[in-house]
>>> print(open('input.csv').read())   # CSV, C-alpha atoms
chain,number,residue,atom,x,y,z
A,23,MET,CA,0.0,0.0,0.0
A,24,SER,CA,1.4,3.4,-1.0
A,25,ASP,CA,1.8,6.1,1.7
A,26,ASP,CA,0.6,8.9,-0.6
A,27,TRP,CA,-2.7,9.1,1.4
A,28,LEU,CA,-0.7,10.3,4.5
A,29,PRO,CA,-1.3,13.9,5.5
A,30,ARG,CA,1.4,16.5,5.6
A,31,ARG,CA,0.4,17.5,9.2
A,32,ALA,CA,-2.0,15.6,11.6
A,33,LEU,CA,-3.4,16.3,15.1
A,34,VAL,CA,-3.6,13.4,17.5
A,35,LEU,CA,-6.1,14.1,20.3
A,36,GLY,CA,-5.7,12.1,23.5
A,37,LEU,CA,-2.3,10.8,24.5
A,38,ALA,CA,-3.0,7.6,26.4
A,39,ARG,CA,-1.7,4.3,25.0
A,40,SER,CA,-3.3,4.4,21.5
A,41,GLY,CA,-2.7,8.1,21.1
A,42,ARG,CA,1.0,7.7,21.8
A,43,ALA,CA,1.2,4.8,19.3
A,44,ALA,CA,-0.5,6.9,16.7
A,45,VAL,CA,1.9,9.8,17.2
A,46,ALA,CA,4.9,7.4,16.9
A,47,ALA,CA,3.5,5.8,13.7
A,48,LEU,CA,2.8,9.1,12.0
A,49,GLU,CA,6.2,10.6,12.9
A,50,ARG,CA,8.0,7.5,11.6
A,51,ARG,CA,6.4,8.2,8.3
A,52,GLY,CA,7.5,11.8,8.2
A,53,VAL,CA,4.1,13.3,9.1
A,54,GLY,CA,4.2,16.5,11.2
A,55,VAL,CA,2.2,15.8,14.4
A,56,VAL,CA,0.5,18.1,16.8
A,57,ALA,CA,-0.1,16.1,20.0
A,58,VAL,CA,-2.8,17.4,22.4
A,59,ASP,CA,-4.5,16.2,25.5
A,60,ARG,CA,-7.0,17.6,28.0
A,61,THR,CA,-4.6,16.8,30.9
A,62,LEU,CA,-2.0,18.9,29.3
A,63,GLY,CA,-4.4,21.8,28.9
A,64,ASN,CA,-3.6,22.2,25.2
A,65,ASP,CA,-6.8,20.6,23.7
A,66,ASP,CA,-7.9,23.9,22.1
A,67,PRO,CA,-9.4,24.2,18.5
A,68,SER,CA,-6.5,26.6,17.7
A,69,ALA,CA,-4.3,23.5,17.5
A,70,LEU,CA,-6.1,22.6,14.2
A,71,ALA,CA,-4.2,25.3,12.3
A,72,ASP,CA,-2.7,23.8,9.1
A,73,VAL,CA,-3.9,20.3,10.1
A,74,GLU,CA,-5.2,17.9,7.4
A,75,LEU,CA,-6.3,15.0,9.7
A,76,LEU,CA,-7.4,14.5,13.3
A,77,VAL,CA,-6.8,11.1,14.9
A,78,LYS,CA,-9.0,10.7,18.0
A,79,SER,CA,-8.2,8.4,20.9
A,80,PRO,CA,-11.2,6.3,22.0
A,81,GLY,CA,-11.4,8.1,25.4
A,82,VAL,CA,-12.2,11.4,23.6
A,83,PRO,CA,-16.0,12.0,23.2
A,84,GLY,CA,-17.4,13.4,19.9
A,85,GLU,CA,-18.5,16.5,21.9
A,86,SER,CA,-14.9,17.6,22.4
A,87,PRO,CA,-14.5,21.2,21.1
A,88,VAL,CA,-11.5,20.1,19.1
A,89,VAL,CA,-13.5,17.3,17.4
A,90,GLN,CA,-16.5,19.6,16.7
A,91,ALA,CA,-14.2,22.3,15.3
A,92,ALA,CA,-12.5,19.8,13.0
A,93,ARG,CA,-15.8,18.6,11.6
A,94,GLU,CA,-16.9,22.2,11.0
A,95,ARG,CA,-13.7,22.7,9.0
A,96,ARG,CA,-14.2,19.5,7.1
A,97,ILE,CA,-11.0,18.0,8.5
A,98,PRO,CA,-11.3,14.2,8.5
A,99,VAL,CA,-11.7,12.6,12.0
A,100,TRP,CA,-10.4,9.1,12.3
A,101,SER,CA,-10.2,6.7,15.3
A,102,GLU,CA,-6.8,5.3,16.0
A,103,VAL,CA,-7.9,1.9,14.6
A,104,GLU,CA,-8.9,3.5,11.3
A,105,LEU,CA,-5.3,4.9,11.1
A,106,GLY,CA,-3.9,1.5,12.1
A,107,TYR,CA,-6.0,-0.3,9.4
A,108,ARG,CA,-4.7,2.0,6.7
A,109,LEU,CA,-1.1,1.4,7.8
A,110,LEU,CA,-1.6,-2.4,7.3
A,111,GLU,CA,-0.7,-3.9,4.0
A,112,GLY,CA,-3.2,-6.5,3.2
A,113,ASN,CA,-2.9,-8.5,6.5
A,114,PRO,CA,-6.0,-10.6,7.3
A,115,LEU,CA,-8.0,-8.8,10.0
A,116,LEU,CA,-10.5,-10.4,12.3
A,117,GLY,CA,-12.5,-7.9,14.4
A,118,VAL,CA,-14.3,-8.7,17.6
A,119,THR,CA,-16.9,-6.4,19.3
A,120,GLY,CA,-19.7,-6.7,21.8
A,121,THR,CA,-20.7,-5.6,25.3
A,122,ASN,CA,-18.9,-8.4,27.1
A,123,GLY,CA,-16.4,-11.1,26.3
A,124,LYS,CA,-14.4,-9.1,23.8
A,125,THR,CA,-11.0,-9.6,25.3
A,126,THR,CA,-11.5,-13.3,26.1
A,127,THR,CA,-12.8,-14.0,22.6
A,128,THR,CA,-10.1,-12.0,20.9
A,129,GLU,CA,-7.3,-13.7,22.8
A,130,LEU,CA,-8.9,-17.1,22.3
A,131,LEU,CA,-9.3,-16.5,18.5
A,132,GLY,CA,-5.6,-15.5,18.4
A,133,ALA,CA,-4.7,-18.8,20.2
A,134,ILE,CA,-6.8,-20.7,17.7
A,135,LEU,CA,-5.0,-19.1,14.7
A,136,ARG,CA,-1.6,-19.8,16.3
A,137,ALA,CA,-2.6,-23.4,16.9
A,138,ASP,CA,-3.3,-23.5,13.1
A,139,GLY,CA,0.3,-22.4,12.5
A,140,ARG,CA,-0.6,-18.8,11.5
A,141,PRO,CA,1.6,-16.0,12.7
A,142,THR,CA,-0.9,-13.9,14.6
A,143,GLU,CA,-0.9,-10.5,16.5
A,144,VAL,CA,-3.6,-9.5,18.9
A,145,ALA,CA,-4.4,-5.8,19.1
A,146,GLY,CA,-7.0,-3.2,19.8
A,147,ASN,CA,-9.1,-2.1,22.8
A,148,VAL,CA,-7.2,-3.9,25.5
A,149,GLY,CA,-3.6,-4.6,24.8
A,150,THR,CA,-1.4,-3.3,21.9
A,151,ALA,CA,-2.7,-0.4,19.8
A,152,LEU,CA,-3.4,-1.3,16.2
A,153,THR,CA,-1.0,1.4,14.9
A,154,GLU,CA,1.8,-0.1,16.9
A,155,VAL,CA,1.1,-3.6,15.6
A,156,ALA,CA,1.0,-2.2,12.0
A,157,ASP,CA,4.6,-1.2,12.3
A,158,ARG,CA,5.9,-4.6,13.3
A,159,VAL,CA,3.6,-7.2,11.8
A,160,GLY,CA,4.9,-9.4,9.0
A,161,ARG,CA,3.4,-9.4,5.6
A,162,GLY,CA,0.5,-11.9,5.6
A,163,ASP,CA,0.4,-12.3,9.4
A,164,SER,CA,-3.1,-12.4,10.8
A,165,ILE,CA,-4.4,-9.7,13.2
A,166,VAL,CA,-7.2,-10.2,15.7
A,167,CYS,CA,-8.5,-6.8,16.9
A,168,GLU,CA,-10.8,-6.1,19.8
A,169,LEU,CA,-13.0,-3.2,18.8
A,170,SER,CA,-14.9,-1.0,21.3
A,171,SER,CA,-17.9,1.2,20.4
A,172,PHE,CA,-15.6,4.2,21.1
A,173,GLN,CA,-13.1,3.0,18.4
A,174,LEU,CA,-15.8,2.1,15.9
A,175,GLU,CA,-17.5,5.5,16.0
A,176,ASP,CA,-14.9,7.1,13.7
A,177,VAL,CA,-14.0,4.5,11.0
A,178,GLU,CA,-14.2,5.1,7.3
A,179,THR,CA,-12.5,2.3,5.4
A,180,LEU,CA,-11.8,-0.3,8.2
A,181,SER,CA,-12.8,-3.7,6.7
A,182,CYS,CA,-12.7,-7.0,8.6
A,183,ASP,CA,-12.1,-10.3,6.8
A,184,VAL,CA,-14.2,-11.7,9.6
A,185,ALA,CA,-16.3,-9.4,11.9
A,186,VAL,CA,-17.7,-10.8,15.2
A,187,LEU,CA,-20.5,-9.4,17.3
A,188,LEU,CA,-20.7,-11.2,20.6
A,189,ASN,CA,-23.7,-9.6,22.3
A,190,LEU,CA,-25.4,-6.2,22.9
A,191,GLU,CA,-26.6,-5.0,26.2
A,192,PRO,CA,-26.8,-1.4,27.6
A,193,ASP,CA,-23.4,0.0,28.4
A,194,HIS,CA,-21.5,3.3,28.2
A,195,LEU,CA,-24.7,5.2,28.3
A,196,ASP,CA,-22.9,8.1,29.9
A,197,ARG,CA,-20.9,8.5,26.7
A,198,HIS,CA,-23.4,7.4,24.0
A,199,HIS,CA,-26.5,8.9,25.7
A,200,SER,CA,-28.8,6.2,24.4
A,201,PHE,CA,-28.7,2.4,23.8
A,202,GLU,CA,-29.6,3.0,20.1
A,203,ALA,CA,-26.5,5.2,19.6
A,204,TYR,CA,-24.3,2.6,21.4
A,205,ARG,CA,-25.8,-0.2,19.3
A,206,ASP,CA,-25.2,1.7,16.0
A,207,ALA,CA,-21.6,2.2,16.9
A,208,LYS,CA,-21.1,-1.5,17.6
A,209,LEU,CA,-22.8,-2.5,14.4
A,210,ARG,CA,-20.3,-0.5,12.3
A,211,ILE,CA,-18.0,-3.5,12.6
A,212,PHE,CA,-20.1,-5.1,9.8
A,213,GLU,CA,-19.6,-2.3,7.3
A,214,ARG,CA,-17.5,-3.7,4.5
A,215,ALA,CA,-16.9,-7.0,6.4
A,216,ARG,CA,-16.4,-10.0,4.2
A,217,ALA,CA,-17.8,-12.5,6.7
A,218,LYS,CA,-20.1,-11.7,9.6
A,219,VAL,CA,-20.5,-13.7,12.8
A,220,ALA,CA,-23.4,-12.9,15.2
A,221,PRO,CA,-25.5,-14.5,17.9
A,222,ARG,CA,-28.4,-16.6,16.7
A,223,GLY,CA,-31.6,-14.5,16.7
A,224,PHE,CA,-30.0,-11.1,16.1
A,225,GLY,CA,-31.1,-11.0,12.5
A,226,ILE,CA,-27.9,-9.7,11.0
A,227,ASP,CA,-28.3,-10.1,7.3
A,228,GLY,CA,-26.0,-12.8,5.9
A,229,ALA,CA,-24.3,-13.6,9.2
A,230,ILE,CA,-22.9,-16.9,10.3
A,231,GLU,CA,-24.8,-17.5,13.6
A,232,PHE,CA,-23.6,-19.1,16.8
A,233,SER,CA,-25.1,-20.0,20.2
A,234,GLY,CA,-23.7,-21.0,23.5
A,235,ASP,CA,-25.2,-24.5,23.2
A,236,ASP,CA,-23.6,-25.1,19.8
A,237,PRO,CA,-21.6,-28.4,19.4
A,238,LEU,CA,-17.9,-27.5,19.6
A,239,PRO,CA,-14.8,-29.4,18.6
A,240,ALA,CA,-13.8,-29.6,22.3
A,241,GLU,CA,-15.2,-28.2,25.5
A,242,PRO,CA,-13.4,-25.0,26.6
A,243,LEU,CA,-11.1,-25.0,29.6
A,244,MET,CA,-12.6,-21.7,30.8
A,245,PRO,CA,-15.5,-21.9,33.3
A,246,GLY,CA,-18.9,-20.5,32.9
A,247,ALA,CA,-21.8,-20.5,30.4
A,248,HIS,CA,-20.7,-17.1,29.1
A,249,ASN,CA,-17.3,-18.5,28.2
A,250,ARG,CA,-18.9,-21.3,26.2
A,251,GLU,CA,-20.7,-18.5,24.3
A,252,ASN,CA,-17.3,-16.9,23.7
A,253,ALA,CA,-15.9,-20.2,22.6
A,254,ALA,CA,-18.8,-20.8,20.2
A,255,ALA,CA,-18.2,-17.3,18.7
A,256,ALA,CA,-14.4,-17.9,18.3
A,257,THR,CA,-15.1,-21.3,16.7
A,258,ALA,CA,-17.5,-19.8,14.2
A,259,ALA,CA,-15.1,-17.0,13.4
A,260,ALA,CA,-12.1,-19.4,13.0
A,261,ARG,CA,-14.1,-21.7,10.7
A,262,ALA,CA,-15.0,-18.6,8.6
A,263,ALA,CA,-11.3,-17.9,8.4
A,264,GLY,CA,-10.6,-21.4,7.1
A,265,VAL,CA,-9.3,-23.0,10.3
A,266,GLY,CA,-9.9,-26.7,10.8
A,267,ASP,CA,-11.5,-28.2,13.9
A,268,GLU,CA,-8.3,-29.9,15.1
A,269,ALA,CA,-6.6,-26.6,15.7
A,270,ILE,CA,-9.8,-25.1,17.2
A,271,ALA,CA,-10.0,-28.1,19.7
A,272,GLU,CA,-6.4,-27.7,20.7
A,273,ALA,CA,-6.8,-24.1,21.6
A,274,LEU,CA,-10.2,-24.6,23.4
A,275,ARG,CA,-8.6,-27.3,25.6
A,276,SER,CA,-5.6,-25.2,26.5
A,277,PHE,CA,-6.7,-21.6,26.7
A,278,ALA,CA,-7.2,-20.7,30.4
A,279,GLY,CA,-8.7,-17.2,29.9
A,280,VAL,CA,-7.4,-13.7,30.5
A,281,PRO,CA,-6.4,-11.7,33.6
A,282,HIS,CA,-9.2,-9.9,35.5
A,283,ARG,CA,-11.9,-12.1,34.0
A,284,LEU,CA,-12.9,-14.9,36.4
A,285,GLU,CA,-9.2,-15.2,37.3
A,286,LEU,CA,-8.6,-17.5,40.3
A,287,VAL,CA,-6.1,-15.6,42.4
A,288,ARG,CA,-5.8,-17.9,45.3
A,289,GLU,CA,-7.5,-20.6,47.4
A,290,LEU,CA,-7.0,-20.1,51.1
A,291,ARG,CA,-8.5,-22.4,53.8
A,292,GLY,CA,-10.9,-23.8,51.2
A,293,VAL,CA,-12.1,-20.3,50.0
A,294,ARG,CA,-11.5,-19.3,46.4
A,295,TYR,CA,-10.7,-15.7,45.7
A,296,VAL,CA,-11.7,-14.7,42.1
A,297,ASN,CA,-10.7,-11.5,40.3
A,298,ASP,CA,-13.4,-10.4,37.8
A,299,SER,CA,-12.5,-6.8,37.8
A,300,LYS,CA,-13.2,-6.6,34.0
A,301,ALA,CA,-16.9,-6.9,34.8
A,302,THR,CA,-17.5,-3.2,34.5
A,303,ASN,CA,-21.3,-3.4,33.9
A,304,THR,CA,-24.2,-5.4,35.2
A,305,ALA,CA,-24.3,-7.8,32.2
A,306,ALA,CA,-20.7,-8.8,32.8
A,307,ALA,CA,-21.3,-9.2,36.6
A,308,ARG,CA,-24.3,-11.4,35.9
A,309,ARG,CA,-22.1,-13.7,33.9
A,310,GLY,CA,-19.5,-13.8,36.7
A,311,VAL,CA,-22.0,-14.6,39.4
A,312,ALA,CA,-23.7,-17.3,37.2
A,313,ALA,CA,-20.4,-19.1,36.8
A,314,TYR,CA,-20.5,-20.4,40.4
A,315,ASP,CA,-23.0,-22.6,42.3
A,316,ALA,CA,-21.0,-22.2,45.6
A,317,PRO,CA,-21.9,-19.5,48.2
A,318,LEU,CA,-20.6,-16.2,46.9
A,319,HIS,CA,-19.3,-13.1,48.8
A,320,LEU,CA,-19.7,-10.5,46.1
A,321,ILE,CA,-17.8,-7.2,45.9
A,322,LEU,CA,-19.7,-4.5,43.9
A,323,GLY,CA,-19.1,-0.9,43.1
A,324,GLY,CA,-16.8,1.6,41.4
A,325,SER,CA,-17.5,4.6,39.2
A,326,LEU,CA,-20.9,5.1,37.6
A,327,LYS,CA,-21.7,4.6,33.9
A,328,GLY,CA,-25.4,5.6,33.8
A,329,GLU,CA,-26.7,2.1,34.3
A,330,ASP,CA,-29.8,1.1,36.2
A,331,PHE,CA,-28.8,-1.4,39.0
A,332,GLY,CA,-32.4,-2.3,39.8
A,333,PRO,CA,-32.8,-5.4,37.6
A,334,PHE,CA,-29.4,-6.7,38.6
A,335,ALA,CA,-30.2,-6.4,42.3
A,336,ARG,CA,-33.6,-8.0,41.9
A,337,GLU,CA,-32.1,-11.0,40.0
A,338,LEU,CA,-29.1,-11.7,42.2
A,339,PRO,CA,-29.3,-15.5,42.9
A,340,ARG,CA,-29.7,-16.9,46.4
A,341,ASN,CA,-26.2,-18.3,46.5
A,342,VAL,CA,-24.9,-14.7,46.9
A,343,SER,CA,-24.5,-14.9,50.7
A,344,THR,CA,-23.0,-11.4,51.3
A,345,VAL,CA,-22.6,-8.2,49.3
A,346,HIS,CA,-19.9,-5.7,49.9
A,347,LEU,CA,-20.2,-2.2,48.4
A,348,ILE,CA,-17.3,0.1,47.5
A,349,GLY,CA,-16.7,3.3,45.6
A,350,GLU,CA,-18.8,6.0,44.0
A,351,ALA,CA,-21.6,3.6,42.9
A,352,ALA,CA,-22.3,2.4,46.5
A,353,ASP,CA,-25.3,4.7,47.0
A,354,GLU,CA,-27.1,3.7,43.9
A,355,LEU,CA,-26.3,0.0,44.5
A,356,ALA,CA,-27.5,0.3,48.1
A,357,ALA,CA,-30.8,1.8,46.9
A,358,ALA,CA,-31.3,-1.0,44.4
A,359,LEU,CA,-30.4,-3.7,46.9
A,360,ASP,CA,-32.8,-2.1,49.5
A,361,ALA,CA,-35.6,-2.2,47.0
A,362,ALA,CA,-34.8,-5.8,46.2
A,363,GLY,CA,-34.7,-6.8,49.9
A,364,ARG,CA,-31.1,-7.9,49.8
A,365,ALA,CA,-28.6,-7.2,52.6
A,366,TYR,CA,-25.2,-5.6,52.1
A,367,THR,CA,-22.4,-3.8,53.9
A,368,ARG,CA,-20.9,-0.5,52.9
A,369,ASP,CA,-17.1,-1.2,52.9
A,370,GLY,CA,-15.8,1.9,51.1
A,371,ASP,CA,-12.6,0.5,49.7
A,372,LEU,CA,-11.4,-2.8,48.2
A,373,ALA,CA,-9.1,-3.7,51.1
A,374,THR,CA,-12.0,-3.4,53.7
A,375,ALA,CA,-14.3,-5.4,51.4
A,376,VAL,CA,-11.9,-8.2,51.0
A,377,ASP,CA,-11.2,-8.4,54.7
A,378,ARG,CA,-15.0,-8.5,55.5
A,379,ALA,CA,-15.7,-11.0,52.8
A,380,ALA,CA,-12.9,-13.2,53.9
A,381,ALA,CA,-14.2,-13.1,57.5
A,382,ALA,CA,-17.7,-14.2,56.3
A,383,ALA,CA,-16.5,-16.9,54.0
A,384,GLN,CA,-16.5,-20.7,54.9
A,385,PRO,CA,-14.6,-23.5,53.2
A,386,GLY,CA,-16.1,-24.1,49.8
A,387,ASP,CA,-17.2,-20.5,49.3
A,388,VAL,CA,-16.0,-18.0,46.7
A,389,VAL,CA,-15.1,-14.3,47.3
A,390,LEU,CA,-15.8,-12.7,44.0
A,391,LEU,CA,-14.8,-9.2,42.8
A,392,SER,CA,-17.3,-8.6,40.0
A,393,PRO,CA,-18.0,-4.9,40.4
A,394,ALA,CA,-20.7,-4.2,37.8
A,395,SER,CA,-19.1,-0.7,37.6
A,396,ALA,CA,-16.2,1.0,36.0
A,397,SER,CA,-13.0,1.7,38.1
A,398,PHE,CA,-12.3,5.4,37.6
A,399,ASP,CA,-13.4,6.6,41.0
A,400,GLN,CA,-10.5,4.8,42.8
A,401,TYR,CA,-8.3,3.3,40.1
A,402,ALA,CA,-6.8,4.3,36.8
A,403,ASN,CA,-8.5,1.3,35.1
A,404,PHE,CA,-10.0,-2.1,35.7
A,405,GLU,CA,-6.5,-3.7,35.4
A,406,ALA,CA,-5.2,-1.6,38.3
A,407,ARG,CA,-8.3,-2.5,40.4
A,408,GLY,CA,-7.8,-6.2,39.6
A,409,ASP,CA,-4.1,-5.9,40.5
A,410,ASP,CA,-4.9,-4.4,43.8
A,411,PHE,CA,-7.4,-7.2,44.5
A,412,ARG,CA,-4.7,-9.7,43.7
A,413,ARG,CA,-2.2,-7.9,46.0
A,414,ILE,CA,-4.7,-7.7,48.9
A,415,VAL,CA,-5.7,-11.4,48.5
A,416,GLU,CA,-2.1,-12.6,48.3
A,417,ALA,CA,-1.4,-10.7,51.6
A,418,LEU,CA,-4.2,-12.5,53.5
A,419,ARG,CA,-2.9,-14.7,56.2
>>> encode(input="input.csv", output="structure tokens")
Amino acid sequence: MSDDWLPRRALVLGLARSGRAAVAALERRGVGVVAVDRTLGNDDPSALADVELLVKSPGVPGESPVVQAARERRIPVWSEVELGYRLLEGNPLLGVTGTNGKTTTTELLGAILRADGRPTEVAGNVGTALTEVADRVGRGDSIVCELSSFQLEDVETLSCDVAVLLNLEPDHLDRHHSFEAYRDAKLRIFERARAKVAPRGFGIDGAIEFSGDDPLPAEPLMPGAHNRENAAAATAAARAAGVGDEAIAEALRSFAGVPHRLELVRELRGVRYVNDSKATNTAAARRGVAAYDAPLHLILGGSLKGEDFGPFARELPRNVSTVHLIGEAADELAAALDAAGRAYTRDGDLATAVDRAAAAAQPGDVVLLSPASASFDQYANFEARGDDFRRIVEALR
């Protein structure tokens, strides 16, 4: 692919992981880059002077004054994954989106392709930025890319060889403002896709459909009905990419999951401590809770995302023995639990919650961090929250 499409000068808005990768990729190609970020206080529309392209990090909302000014001036606005896609030279691209299960399915699909002998890079929403992968990937290597609604908002030419939609449930309503807008962003993964994979019953035109009760080449090593759904999606996507069942079975039998998603941290005196910090909404927390029949001591709370906790509280199964609330969402969770007639304690922070849950737990029980909330009130991200849980649990005597 020729680089003659590259702008002379570009503005990169947002300098977290993907933004920094975009800056580096553009500068390596001789593009003049203006790098701006709200935390630096330089995200002002005046930075758009002489700019031919704006590359927007996923954390930057479309209402940003810089983004709005760029659109008014007819300056193209791309997500970082759009830039990364254009930097790739014909590499097979498999994209994965959905409300929950994206990281697990992306990593599992990567493991399946590697089991089939295909050099494969995993990139996107959690992990390595696509622009960074584009600079090191070998010609013909496969790329499996996790795609969030924030990343899919601003794509123009991104085209997946295989595009996977796992599920759709209300999430990120604080950013998208309506479920319809969130859904529309997710469904953009199917634009220009050569093969579509979607849940049975979603009615996606021309899609290869999957269900959690599909026959599989092997049963997945990962626990939980939701992980069987992830395995069914990965299997359907791998078959669409031409992978045989022997390689799929090998990966299903050996892939143990990803950190922070039903990650068994430790078993102490017969009590299992499980890190499910990646459950940042109620749909994910439901799946975490449903993975266990044992008595659960559930840690909930974090930063708010505009979600209604009422249905989640009403439908908590009876094996949830104790509930421990932390963080900014504690008041709203408490109100929902009160209305549902479920008991809880307000523990404030994660260390206190783990201590109280451990004190209540008996041999055979599970202490589960599955917060149903984002992490930004007390932690930089869900990984930091999960790491802190792991540290606290490993320090228990």
>>> residues_around(input="input.csv", residues="segment 274-281 of chain A", least_positions_apart="6", cutoff="7 Å", atoms="only C-alpha atoms", output="count of residues only")
7
>>> residues_around(input="input.csv", residues="Glu268 of chain A", least_positions_apart="4", cutoff="12 Å", atoms="all atoms listed in the file", output="tab-separated table (two decimals) with C-alpha atoms, in the coordinates of the input")
chain	number	residue	atom	x	y	z
A	134	ILE	CA	-6.80	-20.70	17.70
A	135	LEU	CA	-5.00	-19.10	14.70
A	137	ALA	CA	-2.60	-23.40	16.90
A	138	ASP	CA	-3.30	-23.50	13.10
A	139	GLY	CA	0.30	-22.40	12.50
A	238	LEU	CA	-17.90	-27.50	19.60
A	239	PRO	CA	-14.80	-29.40	18.60
A	240	ALA	CA	-13.80	-29.60	22.30
A	257	THR	CA	-15.10	-21.30	16.70
A	260	ALA	CA	-12.10	-19.40	13.00
A	261	ARG	CA	-14.10	-21.70	10.70
A	264	GLY	CA	-10.60	-21.40	7.10
A	272	GLU	CA	-6.40	-27.70	20.70
A	273	ALA	CA	-6.80	-24.10	21.60
A	274	LEU	CA	-10.20	-24.60	23.40
A	275	ARG	CA	-8.60	-27.30	25.60
>>> closest_residue(input="input.csv", among="A:Arg108, A:Arg210, A:Arg368, A:Arg42", to="Lys78 of chain A", atoms="all atoms listed in the file")
A:Arg42
>>> closest_residue(input="input.csv", among="A:Ile348, A:Tyr314, A:Asn189, A:Gly266", to="Gly234 of chain A", atoms="only C-alpha atoms")
A:Asn189
>>> atom_distance(input="input.csv", atom1="atom CA of Glu143 of chain A", atom2="atom CA of Ile165 of chain A")
4.9 Å
>>> closest_residue(input="input.csv", among="A:Lys208, A:Arg214, A:Arg158, A:Lys124", to="Ala47 of chain A", atoms="all atoms listed in the file")
A:Arg158
